[in-house]
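Listing of start-v7.tsv, TSV, C-alpha atoms
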```
chain	number	residue	atom	x	y	z
A	761	MET	CA	-6.32	12.12	-30.93
A	762	VAL	CA	-5.22	8.78	-29.48
A	763	SER	CA	-6.55	6.82	-26.52
A	764	GLN	CA	-5.68	3.69	-24.62
A	765	LYS	CA	-7.33	1.79	-21.78
A	766	VAL	CA	-5.04	0.91	-18.88
A	767	LYS	CA	-5.61	-0.86	-15.57
A	768	ILE	CA	-4.53	0.73	-12.30
A	769	ILE	CA	-2.37	-1.91	-10.58
A	770	ASN	CA	-0.92	-0.12	-7.58
A	771	PRO	CA	-2.63	-1.37	-4.41
A	772	THR	CA	-3.94	1.98	-3.17
A	773	GLY	CA	-5.25	3.37	-6.46
A	774	LEU	CA	-4.61	6.98	-7.48
A	775	HIS	CA	-3.91	8.57	-4.11
A	776	LEU	CA	-1.63	11.61	-3.73
A	777	ARG	CA	1.80	10.16	-4.57
A	778	PRO	CA	0.84	8.20	-7.73
A	779	ALA	CA	-1.49	11.03	-8.82
A	780	GLY	CA	1.47	13.41	-8.49
A	781	ASN	CA	3.67	11.07	-10.54
A	782	LEU	CA	0.99	10.86	-13.24
A	783	CYS	CA	0.63	14.66	-13.38
A	784	LYS	CA	4.40	15.18	-13.41
A	785	GLU	CA	4.73	12.93	-16.46
A	786	ALA	CA	1.70	14.46	-18.21
A	787	MET	CA	3.14	17.98	-17.77
A	788	LYS	CA	6.12	17.02	-19.95
A	789	TYR	CA	3.88	17.05	-23.03
A	790	ASN	CA	2.16	19.84	-24.93
A	791	SER	CA	-0.85	17.69	-25.78
A	792	LYS	CA	-4.14	17.92	-23.91
A	793	ILE	CA	-4.16	14.84	-21.68
A	794	THR	CA	-7.29	13.60	-19.94
A	795	PHE	CA	-8.66	10.29	-18.76
A	796	GLU	CA	-12.15	8.93	-18.54
A	797	TYR	CA	-13.35	6.84	-15.63
A	798	SER	CA	-16.86	5.95	-14.57
A	799	GLY	CA	-18.45	8.39	-17.02
A	800	ASN	CA	-16.35	11.36	-15.85
A	801	THR	CA	-13.36	13.08	-17.44
A	802	ALA	CA	-10.31	14.18	-15.43
A	803	ASN	CA	-7.45	16.46	-16.46
A	804	ALA	CA	-4.28	14.36	-16.13
A	805	LYS	CA	-2.23	17.54	-15.63
A	806	SER	CA	-4.14	18.50	-12.45
A	807	VAL	CA	-3.49	16.60	-9.22
A	808	LEU	CA	-6.85	17.72	-7.79
A	809	SER	CA	-8.68	16.53	-10.88
A	810	VAL	CA	-6.91	13.14	-10.76
A	811	LEU	CA	-7.62	12.73	-7.03
A	812	GLY	CA	-11.24	13.77	-7.56
A	813	ALA	CA	-11.78	10.88	-9.97
A	814	CYS	CA	-11.46	8.45	-7.01
A	815	VAL	CA	-9.78	5.73	-9.06
A	816	LYS	CA	-9.07	2.56	-7.07
A	817	SER	CA	-6.80	-0.42	-7.60
A	818	GLY	CA	-8.07	-2.69	-10.36
A	819	ASP	CA	-10.06	0.06	-12.09
A	820	VAL	CA	-9.60	0.62	-15.83
A	821	ILE	CA	-9.22	4.18	-17.11
A	822	GLU	CA	-9.06	5.42	-20.69
A	823	VAL	CA	-6.20	7.86	-21.22
A	824	ILE	CA	-6.83	10.33	-24.06
A	825	CYS	CA	-4.11	12.50	-25.62
A	826	ASP	CA	-4.75	15.15	-28.25
A	827	GLY	CA	-2.02	17.34	-29.71
A	828	GLU	CA	1.33	17.53	-31.44
A	829	ASP	CA	3.09	14.95	-29.23
A	830	GLU	CA	0.07	12.75	-28.50
A	831	GLN	CA	1.67	9.41	-29.43
A	832	ALA	CA	4.74	9.97	-27.26
A	833	ALA	CA	2.50	11.11	-24.41
A	834	ILE	CA	0.15	8.10	-24.56
A	835	ASP	CA	3.09	5.68	-24.76
A	836	ALA	CA	4.83	7.22	-21.75
A	837	LEU	CA	1.69	7.50	-19.61
A	838	ALA	CA	0.45	3.99	-20.39
A	839	SER	CA	3.87	2.59	-19.54
A	840	LEU	CA	4.00	4.56	-16.27
A	841	ILE	CA	0.51	3.47	-15.22
A	842	GLU	CA	1.15	-0.19	-16.14
A	843	SER	CA	4.36	-0.13	-14.05
A	844	GLY	CA	2.44	0.98	-10.94
A	845	LEU	CA	3.11	4.75	-11.02
A	846	GLY	CA	6.32	4.50	-9.02
A	847	GLU	CA	4.96	2.41	-6.18
```
Give the structure from this file in structure tokens form.
Amino acid sequence: MVSQKVKIINPTGLHLRPAGNLCKEAMKYNSKITFEYSGNTANAKSVLSVLGACVKSGDVIEVICDGEDEQAAIDALASLIESGLGE
């Protein structure tokens, strides 16, 4: 299991489009991918779960990957989030 804290930099937080981009990337990996925010855990492979976390711009989330391709997954997701999730 690996984890990394990343800051959400896109101005509108994790609304539908960036949440979709996050899920699309997470689905490429076999590992279980979640993130923790404000004491709750969200499934990064579920758009509804990501949206339900209500993550806003400037918030820090901890991405957690567990599985056979966990390092590749955490690297790709952290990079995507740090680049603004396509926005």
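In this model, the gap between CA of Leu845 (chain A) and CA of Glu830 (chain A) comes to 19.5 Å.
Each of A:Ala779, A:Ile769, A:Val820, A:Ile793 was compared to Leu808 (chain A) using only C-alpha atoms, and A:Ala779 turns out to be the nearest.
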Practice task
Would you mind telling me which residue in A:Met787, A:Met761, A:Ala802, A:His775 lies nearest to Ala836 (chain A) when using all atoms listed in the file?
Solution key: A:Met787
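Across A:Ile841, A:Leu782, A:Lys765, A:Ser791, the tightest approach to Ser817 (chain A) is made by A:Ile841 when counting all atoms listed in the file.
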Problem - d(CA of Val762 (chain A), CA of Asp835 (chain A)) in Å - result: 10.0 Å
